[in-house]
$ cat target27.txt   # compact mmCIF, C-alpha atoms
# COMPACT_ATOMS: atom_id res chain seq x y z
CA MET K 24 -98.18 44.34 -28.46
CA ASP K 25 -96.84 42.56 -31.51
CA PRO K 26 -99.57 41.09 -33.77
CA LYS K 27 -97.96 37.65 -33.54
CA ASP K 28 -98.62 37.73 -29.79
CA HIS K 29 -102.21 37.02 -30.71
CA GLN K 30 -101.44 33.76 -32.45
CA PRO K 31 -103.49 30.83 -31.13
CA LEU K 32 -101.98 29.29 -28.02
CA ASP K 33 -102.42 25.78 -29.45
CA GLY K 34 -104.13 24.23 -26.44
CA PHE K 35 -101.52 25.67 -24.12
CA ASP K 36 -104.06 27.87 -22.42
CA GLN K 37 -106.56 25.04 -22.04
CA LEU K 38 -104.01 22.67 -20.50
CA LEU K 39 -102.31 25.21 -18.23
CA ARG K 40 -105.12 27.44 -17.09
CA PRO K 41 -106.53 25.09 -14.39
CA HIS K 42 -103.09 24.87 -12.75
CA MET K 43 -101.88 28.44 -13.00
CA GLU K 44 -102.86 29.57 -9.54
CA ARG K 45 -101.29 26.56 -7.87
CA LEU K 46 -98.10 27.00 -9.86
CA TYR K 47 -97.97 30.68 -9.03
CA ARG K 48 -98.37 29.92 -5.32
CA LEU K 49 -95.61 27.33 -5.53
CA ALA K 50 -93.30 29.83 -7.24
CA TRP K 51 -94.02 32.28 -4.47
CA ARG K 52 -93.40 29.67 -1.79
CA LEU K 53 -90.08 28.65 -3.31
CA CYS K 54 -88.76 32.15 -3.98
CA GLY K 55 -90.36 34.11 -1.18
CA ASN K 56 -90.74 37.35 -3.10
CA LYS K 57 -92.83 38.56 -5.98
CA SER K 58 -90.11 39.52 -8.42
CA GLU K 59 -88.24 36.21 -8.34
CA ALA K 60 -91.47 34.21 -8.09
CA GLU K 61 -92.73 35.82 -11.29
CA ASP K 62 -89.42 35.17 -13.05
CA LEU K 63 -89.57 31.54 -12.01
CA PHE K 64 -93.24 31.26 -12.97
CA GLN K 65 -92.57 32.75 -16.42
CA ASP K 66 -89.48 30.62 -17.06
CA VAL K 67 -91.37 27.47 -16.16
CA LEU K 68 -94.37 28.33 -18.34
CA THR K 69 -91.97 28.78 -21.25
CA LYS K 70 -90.28 25.49 -20.47
CA ILE K 71 -93.66 23.78 -20.38
CA TYR K 72 -94.70 25.34 -23.68
CA VAL K 73 -91.71 23.72 -25.36
CA ARG K 74 -92.77 20.39 -23.78
CA LEU K 75 -96.47 20.78 -24.49
CA ASP K 76 -96.70 17.35 -26.10
CA ASP K 77 -95.46 15.79 -22.86
CA LEU K 78 -98.08 17.63 -20.83
CA ALA K 79 -100.91 16.38 -23.01
CA ASP K 80 -99.92 12.79 -22.18
CA ILE K 81 -99.53 13.26 -18.42
CA SER K 82 -102.23 11.63 -16.30
CA GLU K 83 -101.66 13.88 -13.27
CA PRO K 84 -100.56 17.18 -14.75
CA ALA K 85 -100.83 19.16 -11.50
CA THR K 86 -98.06 17.19 -9.80
CA TRP K 87 -95.99 16.99 -12.97
CA LEU K 88 -96.13 20.75 -13.38
CA CYS K 89 -95.09 21.28 -9.77
CA ARG K 90 -92.19 18.88 -10.25
CA VAL K 91 -91.04 20.76 -13.35
CA MET K 92 -91.13 23.99 -11.36
CA TYR K 93 -89.37 22.50 -8.34
CA ASN K 94 -86.62 20.97 -10.48
CA HIS K 95 -86.16 24.20 -12.36
CA PHE K 96 -85.91 26.06 -9.07
CA VAL K 97 -83.39 23.61 -7.63
CA ASP K 98 -81.32 23.61 -10.82
CA ASP K 99 -81.29 27.37 -10.91
CA ARG K 100 -81.26 28.08 -7.19
CA ARG K 101 -78.55 30.67 -7.56
CA LYS K 102 -80.68 32.70 -9.87
CA TYR K 103 -83.69 32.41 -7.61
CA SER K 104 -81.68 33.20 -4.52
CA ARG K 105 -84.11 32.91 -1.77
CA GLN K 106 -85.26 35.98 0.03
CA ARG K 107 -87.31 34.73 2.90
CA MET K 108 -90.46 36.47 3.97
CA VAL K 109 -89.64 37.51 7.45
CA ILE K 110 -92.88 39.16 8.37
CA VAL K 111 -96.38 39.56 7.07
CA SER K 112 -96.68 43.29 6.83
CA GLU K 113 -99.72 45.30 5.93
CA ALA K 114 -97.76 47.00 3.18
CA ALA K 115 -97.17 43.62 1.53
CA LEU K 116 -100.86 42.84 1.52
CA PRO K 117 -102.53 45.59 -0.43
CA GLU K 118 -105.66 43.64 -1.16
CA GLN K 119 -105.87 41.65 2.02
CA SER K 120 -104.78 43.64 4.99
CA VAL K 121 -103.89 42.19 8.34
CA GLU K 122 -107.10 43.71 9.62
CA SER K 123 -109.21 41.96 7.03
CA LEU K 124 -107.41 38.68 7.71
CA ALA K 125 -108.50 38.85 11.27
CA GLY K 126 -112.16 38.39 10.31
CA SER K 127 -114.96 39.48 12.56
CA ASP K 128 -113.28 39.19 15.92
CA SER K 129 -112.90 42.10 18.27
CA PRO K 130 -110.13 44.66 17.60
CA SER K 131 -107.97 43.20 20.37
CA ASP K 132 -108.39 39.67 18.95
CA ASN K 133 -107.51 41.01 15.52
CA ALA K 134 -104.36 42.64 16.81
CA GLU K 135 -103.34 39.50 18.64
CA ARG K 136 -103.91 37.34 15.58
CA ALA K 137 -102.00 39.72 13.36
CA ASP K 138 -99.16 39.68 15.86
CA ARG K 139 -99.12 35.87 15.83
CA LEU K 140 -98.94 35.87 12.03
CA LEU K 141 -95.97 38.20 12.20
CA ARG K 142 -94.24 36.01 14.76
CA LEU K 143 -94.99 32.89 12.75
CA GLY K 144 -93.46 34.42 9.63
CA ASP K 145 -90.41 35.34 11.63
CA ALA K 146 -90.13 31.82 13.06
CA LEU K 147 -90.49 30.21 9.62
CA ALA K 148 -87.69 32.41 8.36
CA GLN K 149 -85.40 30.97 11.01
CA LEU K 150 -85.85 27.38 9.80
CA SER K 151 -83.28 25.72 7.56
CA ASP K 152 -84.09 25.66 3.85
CA GLU K 153 -85.23 22.06 3.84
CA HIS K 154 -87.32 22.45 6.99
CA HIS K 155 -88.86 25.64 5.67
CA GLU K 156 -89.64 23.97 2.38
CA VAL K 157 -91.34 20.91 3.84
CA ILE K 158 -93.50 23.01 6.18
CA GLN K 159 -94.45 25.20 3.25
CA PHE K 160 -95.43 22.22 1.15
CA HIS K 161 -97.29 20.22 3.78
CA ASP K 162 -98.63 22.44 6.51
CA ILE K 163 -99.12 25.67 4.59
CA GLU K 164 -100.00 24.58 1.08
CA GLY K 165 -101.58 21.28 2.08
CA TYR K 166 -99.59 18.96 -0.21
CA LYS K 167 -99.79 15.32 0.82
CA LEU K 168 -96.61 13.39 1.63
CA LYS K 169 -96.95 11.38 -1.58
CA GLU K 170 -97.25 14.57 -3.62
CA ILE K 171 -94.15 15.99 -1.96
CA GLN K 172 -92.33 12.79 -2.81
CA GLU K 173 -93.38 13.10 -6.44
CA ILE K 174 -92.34 16.74 -6.61
CA THR K 175 -89.02 16.60 -4.78
CA GLY K 176 -88.04 13.04 -5.55
CA ASP K 177 -87.40 12.32 -1.85
CA PRO K 178 -88.92 9.12 -0.41
CA VAL K 179 -92.07 9.51 1.70
CA GLY K 180 -90.22 8.30 4.81
CA THR K 181 -87.57 10.98 4.36
CA VAL K 182 -90.18 13.67 3.82
CA LYS K 183 -92.11 12.52 6.87
CA SER K 184 -89.13 12.52 9.21
CA ARG K 185 -87.99 15.88 7.84
CA LEU K 186 -91.46 17.25 8.48
CA HIS K 187 -91.39 15.89 12.02
CA ARG K 188 -88.06 17.59 12.73
CA ALA K 189 -89.16 20.80 11.04
CA ARG K 190 -92.28 21.02 13.19
CA ALA K 191 -90.31 20.31 16.34
CA ARG K 192 -87.89 23.10 15.43
CA LEU K 193 -90.75 25.47 14.64
CA ARG K 194 -92.41 24.75 18.00
CA GLU K 195 -89.10 25.34 19.73
CA ILE K 196 -88.65 28.74 18.06
CA LEU K 197 -92.23 29.75 18.82
CA ALA K 198 -91.88 28.59 22.40
CA ASN K 199 -88.75 30.68 22.83
CA ASP K 200 -90.46 33.84 21.66
CA GLY K 201 -93.56 33.11 23.74
CA THR K 202 -95.95 32.74 20.82
CA PHE K 203 -96.91 29.15 21.56
CA PHE K 204 -95.98 26.33 23.89
CA MET H 24 -104.14 2.40 27.55
CA MET H 25 -101.76 4.94 26.09
CA ASN H 26 -99.69 7.37 28.14
CA CYS H 27 -98.29 10.87 27.53
CA GLU H 28 -95.02 9.55 26.10
CA GLN H 29 -96.80 7.42 23.53
CA LEU H 30 -98.93 10.37 22.57
CA VAL H 31 -95.82 12.48 21.97
CA ASP H 32 -94.40 9.73 19.76
CA LYS H 33 -97.52 9.64 17.66
CA PHE H 34 -98.37 13.30 17.95
CA ASP H 35 -97.75 14.29 14.31
CA ASP H 36 -99.71 11.31 13.02
CA LEU H 37 -102.53 12.15 15.41
CA MET H 38 -102.66 15.76 14.21
CA ASP H 39 -102.33 14.73 10.56
CA GLY H 40 -105.18 12.25 10.97
CA SER H 41 -103.00 9.43 9.71
CA LEU H 42 -103.34 7.08 12.67
CA ASP H 43 -105.29 3.88 12.38
CA ALA H 44 -108.64 3.72 14.12
CA ALA H 45 -107.40 1.75 17.13
CA ASP H 46 -104.55 4.17 17.91
CA MET H 47 -106.80 7.13 17.34
CA LYS H 48 -109.32 5.81 19.83
CA ALA H 49 -106.63 5.00 22.40
CA LEU H 50 -105.09 8.48 22.12
CA SER H 51 -108.46 10.17 22.31
CA THR H 52 -109.27 8.22 25.44
CA HIS H 53 -105.95 9.25 26.98
CA THR H 54 -106.35 12.89 26.02
CA GLU H 55 -109.80 13.11 27.57
CA GLY H 56 -108.30 12.36 30.93
CA CYS H 57 -105.00 14.27 30.60
CA GLU H 58 -105.04 18.02 30.86
CA ARG H 59 -101.41 18.34 29.71
CA CYS H 60 -102.05 16.42 26.50
CA GLN H 61 -105.29 18.32 25.94
CA GLN H 62 -103.31 21.56 26.05
CA MET H 63 -100.68 20.16 23.71
CA VAL H 64 -103.34 19.15 21.18
CA SER H 65 -105.06 22.49 21.58
CA ARG H 66 -101.83 24.46 20.97
CA GLU H 67 -100.92 22.34 17.98
CA THR H 68 -104.40 22.79 16.51
CA ALA H 69 -104.01 26.54 16.89
CA LEU H 70 -100.59 26.40 15.22
CA ARG H 71 -101.89 24.37 12.28
CA ASN H 72 -104.75 26.83 11.84
CA LEU H 73 -102.34 29.73 12.00
CA LEU H 74 -100.07 28.12 9.39
CA GLN H 75 -103.02 27.77 7.05
CA GLU H 76 -104.04 31.34 7.71
CA TYR H 77 -100.48 32.46 7.08
CA GLY H 78 -100.51 30.57 3.80
CA ASP H 79 -103.69 32.26 2.70
CA SER H 80 -102.47 35.67 3.73
CA ASN H 81 -99.06 36.17 2.22
CA VAL H 82 -99.29 35.13 -1.41
CA PRO H 83 -100.35 38.16 -3.42
CA THR H 84 -103.17 37.75 -5.88
CA PRO H 85 -101.92 38.44 -9.41
CA THR H 86 -103.81 40.97 -11.46
CA ALA H 87 -106.57 39.63 -13.67
CA THR H 88 -104.49 39.96 -16.83
CA TYR H 89 -101.25 38.62 -15.35
CA PHE H 90 -101.95 34.96 -16.16
CA ASP H 91 -103.12 35.86 -19.68
CA GLU H 92 -99.96 37.82 -20.35
CA ALA H 93 -97.76 35.13 -18.82
CA LEU H 94 -99.27 32.51 -21.17
CA VAL H 95 -98.80 34.72 -24.24
CA THR H 96 -95.21 35.52 -23.25
CA ALA H 97 -94.44 31.85 -22.63
CA ALA H 98 -95.90 30.86 -26.01
CA ARG H 99 -93.96 33.60 -27.81
CA THR H 100 -90.66 32.78 -26.08
CA GLY H 101 -91.26 29.05 -26.45
CA ARG H 102 -91.87 29.39 -30.18
CA LYS H 103 -88.66 31.38 -30.50
CA GLN H 104 -86.74 28.66 -28.67
CA GLN H 105 -88.25 26.03 -30.95
CA GLN H 106 -87.24 28.06 -33.99
CA ASN H 107 -83.72 28.36 -32.61
CA ARG H 108 -83.49 24.61 -32.13
CA SER H 109 -84.82 23.88 -35.57
CA TRP H 110 -82.47 26.36 -37.21
CA LEU H 111 -79.46 25.23 -35.25
CA LYS H 112 -80.25 21.60 -35.95
CA GLY H 113 -80.34 22.46 -39.64
CA PHE H 114 -77.01 24.21 -39.41
CA GLY H 115 -75.51 21.31 -37.51
CA SER H 116 -76.59 18.97 -40.29
CA ALA H 117 -75.16 21.31 -42.85
CA LEU H 118 -71.83 21.26 -41.08
CA ALA H 119 -71.87 17.52 -40.81
CA ALA H 120 -72.51 17.26 -44.51
CA GLY H 121 -69.52 19.44 -45.33
CA LEU H 122 -69.94 20.95 -48.78
CA ALA H 123 -72.98 18.89 -49.67
CA ILE H 124 -75.21 21.92 -49.11
CA TRP H 125 -73.26 24.15 -51.48
CA PHE H 126 -76.41 25.70 -52.89
CA PHE H 127 -76.13 29.23 -51.62
CA SER H 128 -76.77 32.38 -53.47
CA GLY H 129 -76.25 35.99 -52.60
CA ALA H 130 -73.26 37.43 -50.85
CA PHE H 131 -70.38 35.10 -50.28
CA VAL H 132 -67.63 35.80 -47.82
CA GLN H 133 -64.98 33.58 -46.40
CA ALA H 134 -63.50 33.32 -42.92
CA PRO H 135 -60.21 31.47 -42.72
CA VAL H 136 -59.86 29.47 -39.55
CA GLY H 137 -56.49 28.37 -38.32
CA PRO H 138 -53.45 29.47 -36.38
CA GLY H 139 -52.09 32.85 -37.31
CA THR H 140 -54.77 33.78 -39.82
CA ASP H 141 -56.63 37.04 -39.96
CA SER H 142 -59.81 37.77 -41.81
CA GLY H 143 -60.31 40.94 -43.76
CA ILE H 144 -63.49 42.95 -43.36
CA PRO H 145 -65.73 42.37 -46.35
CA VAL H 146 -68.64 44.73 -46.91
CA ILE H 147 -72.18 44.16 -48.12
CA THR H 148 -74.61 46.91 -48.99
CA MET H 149 -78.31 46.61 -48.33
CA ALA H 150 -81.41 48.77 -48.46
CA VAL H 151 -83.77 49.19 -45.51
CA GLU H 152 -86.23 46.25 -45.30
CA GLU H 153 -84.15 44.27 -47.75
CA ALA H 154 -83.51 40.61 -46.90
CA ARG H 155 -80.27 39.11 -48.07
CA THR H 156 -78.59 35.79 -47.51
CA VAL H 157 -74.98 35.97 -46.48
CA ASN H 158 -73.06 32.74 -46.53
CA LEU H 159 -70.22 32.54 -44.09
CA VAL H 160 -67.72 29.86 -44.89
CA PHE H 161 -65.38 28.70 -42.16
CA SER H 162 -62.36 26.93 -43.56
CA SER H 163 -60.76 24.74 -40.96
CA ALA H 164 -57.53 22.82 -41.27
CA VAL H 165 -58.60 20.45 -38.51
CA ALA H 166 -61.87 19.00 -37.27
CA LEU H 167 -63.22 20.92 -34.29
CA ASP H 168 -65.62 19.33 -31.83
CA ASN H 169 -67.61 21.27 -29.25
CA ALA H 170 -66.92 24.63 -30.76
CA THR H 171 -69.04 27.62 -29.83
CA LEU H 172 -70.24 29.96 -32.51
CA THR H 173 -71.67 33.33 -31.54
CA VAL H 174 -73.16 35.80 -33.96
CA ASN H 175 -73.47 39.40 -32.74
CA LEU H 176 -75.69 41.60 -34.83
CA PRO H 177 -75.48 45.39 -34.88
CA GLN H 178 -78.56 47.51 -34.31
CA GLY H 179 -80.58 47.68 -37.50
CA ILE H 180 -79.74 44.16 -38.63
CA GLU H 181 -81.73 41.05 -37.78
CA ILE H 182 -81.63 37.42 -38.81
CA ALA H 183 -84.90 36.18 -40.31
CA GLY H 184 -86.90 34.32 -37.67
CA PHE H 185 -85.01 35.90 -34.78
CA ALA H 186 -86.55 39.33 -34.55
CA GLY H 187 -85.14 41.39 -31.71
CA GLN H 188 -82.22 39.02 -30.96
CA GLN H 189 -78.86 40.70 -31.16
CA GLU H 190 -76.82 37.68 -30.12
CA ILE H 191 -77.24 34.02 -31.06
CA THR H 192 -74.96 31.33 -29.68
CA TRP H 193 -74.79 27.61 -30.15
CA GLN H 194 -72.49 24.61 -29.81
CA THR H 195 -71.34 22.98 -33.00
CA SER H 196 -68.57 21.02 -34.68
CA LEU H 197 -66.55 21.87 -37.75
CA SER H 198 -65.36 19.40 -40.29
CA VAL H 199 -62.00 19.60 -42.04
CA GLY H 200 -62.39 21.94 -44.99
CA LYS H 201 -65.15 24.43 -45.61
CA ASN H 202 -68.14 24.75 -43.34
CA LEU H 203 -71.05 26.88 -44.43
CA LEU H 204 -73.30 29.09 -42.33
CA PRO H 205 -76.08 30.77 -44.32
CA LEU H 206 -77.54 33.81 -42.57
CA GLN H 207 -80.58 35.55 -43.93
CA LEU H 208 -80.07 39.14 -42.85
CA ILE H 209 -82.82 41.71 -42.76
CA ALA H 210 -82.04 45.40 -42.62
CA THR H 211 -84.48 47.21 -40.35
CA MET H 212 -82.98 50.69 -40.35
CA PRO H 213 -80.07 52.62 -41.86
CA THR H 214 -76.74 51.67 -40.35
CA ASP H 215 -73.11 51.17 -41.13
CA ALA H 216 -71.88 48.69 -38.59
CA THR H 217 -70.11 45.38 -38.18
CA LEU H 218 -71.54 41.93 -37.70
CA LEU H 219 -69.33 39.63 -35.66
CA ALA H 220 -69.24 35.86 -35.89
CA THR H 221 -66.94 34.39 -33.26
CA LEU H 222 -65.89 30.79 -33.29
CA LYS H 223 -64.43 29.60 -30.01
CA HIS H 224 -62.80 26.25 -29.37
CA GLY H 225 -61.13 25.65 -26.05
CA GLU H 226 -58.93 28.66 -25.36
CA ASP H 227 -58.72 29.64 -29.02
CA ASP H 228 -61.11 31.91 -30.79
CA ARG H 229 -61.40 33.53 -34.18
CA THR H 230 -63.70 36.39 -35.01
CA PHE H 231 -65.09 36.98 -38.43
CA ARG H 232 -66.24 40.54 -39.23
CA LEU H 233 -68.68 41.63 -41.85
CA ARG H 234 -69.41 45.29 -42.38
CA VAL H 235 -73.03 45.90 -43.27
CA ASP H 236 -73.89 49.20 -44.92
CA VAL H 237 -77.63 49.87 -44.94
CA SER H 238 -78.71 53.03 -46.70

$ encode --input "target27.txt" --output "structure tokens"
Amino acid sequence: MDPKDHQPLDGFDQLLRPHMERLYRLAWRLCGNKSEAEDLFQDVLTKIYVRLDDLADISEPATWLCRVMYNHFVDDRRKYSRQRMVIVSEAALPEQSVESLAGSDSPSDNAERADRLLRLGDALAQLSDEHHEVIQFHDIEGYKLKEIQEITGDPVGTVKSRLHRARARLREILANDGTFF
Amino acid sequence: MMNCEQLVDKFDDLMDGSLDAADMKALSTHTEGCERCQQMVSRETALRNLLQEYGDSNVPTPTATYFDEALVTAARTGRKQQQNRSWLKGFGSALAAGLAIWFFSGAFVQAPVGPGTDSGIPVITMAVEEARTVNLVFSSAVALDNATLTVNLPQGIEIAGFAGQQEITWQTSLSVGKNLLPLQLIATMPTDATLLATLKHGEDDRTFRLRVDVS
């Protein structure tokens, strides 16, 4: 590594570090695959570095950072062409296998749960982009409606009705394949 | 007393816990006595749990050093971008000031800009690790707004402050007369190659060539 790589990070590390995991998860959610998620994550970190003075003045940096990432993703959607995760496969989870996800239940319960996760991933992949996105934000990542508004710029009412329709569509897909409902 | 239809209407709010206390109590009372709604709530609870489990399961955990490296890379790239902006801003000012910055030293080459003109190929000679300022002068018969200037460097030649960058592009404007671009070149290895500076405006472009002989 170049010696100048070891130059002080000028508070960058201190300001960013608490939010890195959340940002990484968001990148993954938006892109749906590791390679593009890491490109997006890296591009946004660089963008934030250039705007470090702005970050220091932000009262709620977590949401601001997510908004920067979301806007960057939307602006550059062609580059981060979405490749949806269709299934949760064991091969994709080297450190957290489907078996380990299933906890301490019996082998048959484990298999059933793993199968449901696979079916859920498949159903999510069938949603429209905006439905997929709002489910990811709210029901998977646990963002509140207000946070989604601040990140996407859409009014809370719009987000809420989109979420309602997205859930209805998801239930319909799961009902059709016999997973739920 | 609420009924099944009302519960369906308020189902998302019920599951999200965003109902007011009175509605929550009314729906709970209804659900206690309605097997169909109990099943609906039970299925939805299972789905919400599964969504959370799905969320926890399919985002890979980066390696321990990944975040460290990402921060260092971002800082390095960010600094480079800041340098670019600062340098380009300086050049833009120089252009705006016309000949007011006529302080250069070192090699001096001139690139005529205008219809039907061709530049020759001047040569400069450098030694490895030598830094040398080359002043490119673009003479324009007309003012050019929103021009694009691209400098392509051959292997073995760098511009000070832009290590590893073989191509630098920016938007600029040219005033009538002579416009100066000082480039501090650094020779990193022996070469005999051509540096290209291309000025593009609309559909027109002119390329200035400078042969750099590093021995």

$ interface_residues --input "target27.txt" --of "chain K" --to "chain H" --cutoff "6 Å" --atoms "only C-alpha atoms" --output "PDB file with C-alpha atoms, keeping the file's coordinate frame"
ATOM      1  CA  LEU K  68     -94.370  28.330 -18.340  1.00  0.00           C
ATOM      2  CA  THR K  69     -91.970  28.780 -21.250  1.00  0.00           C
ATOM      3  CA  TYR K  72     -94.700  25.340 -23.680  1.00  0.00           C
ATOM      4  CA  VAL K  73     -91.710  23.720 -25.360  1.00  0.00           C
ATOM      5  CA  ILE K 163     -99.120  25.670   4.590  1.00  0.00           C
TER       6      ILE K 163
END

$ closest_residue --input "target27.txt" --among "K:Leu186, K:Ile71, K:Ala79, K:Met92" --to "Ala50 (chain K)" --atoms "all atoms listed in the file"
K:Met92

$ atom_distance --input "target27.txt" --atom1 "CA of Ser198 (chain H)" --atom2 "CA of Asn175 (chain H)"
22.9 Å

$ atom_distance --input "target27.txt" --atom1 "CA of Asn169 (chain H)" --atom2 "CA of Gln194 (chain H)"
5.9 Å

$ closest_residue --input "target27.txt" --among "K:Ala137, K:Ser151, K:Glu44, K:Val182" --to "Leu168 (chain K)" --atoms "all atoms listed in the file"
K:Val182

$ residues_near_point --input "target27.txt" --point "(-67.8, 18.3, -32.2)" --cutoff "9 Å" --atoms "only C-alpha atoms" --output "PyMOL selection string"
chain H and resi 166-170+194-198

$ residues_around --input "target27.txt" --residues "Glu156 (chain K)" --least-positions-apart "4" --cutoff "12 Å" --atoms "only C-alpha atoms" --output "ChimeraX atom specification"
/K:49-55,93,97,105,107,147-152,160-164,166,171,174-175,182,185-186,189-190

$ closest_residue --input "target27.txt" --among "H:Leu172, H:Leu159, H:Gly40, H:Ser51" --to "Leu204 (chain H)" --atoms "all atoms listed in the file"
H:Leu159

$ atom_distance --input "target27.txt" --atom1 "CA of Trp193 (chain H)" --atom2 "CA of Thr173 (chain H)"
6.7 Å
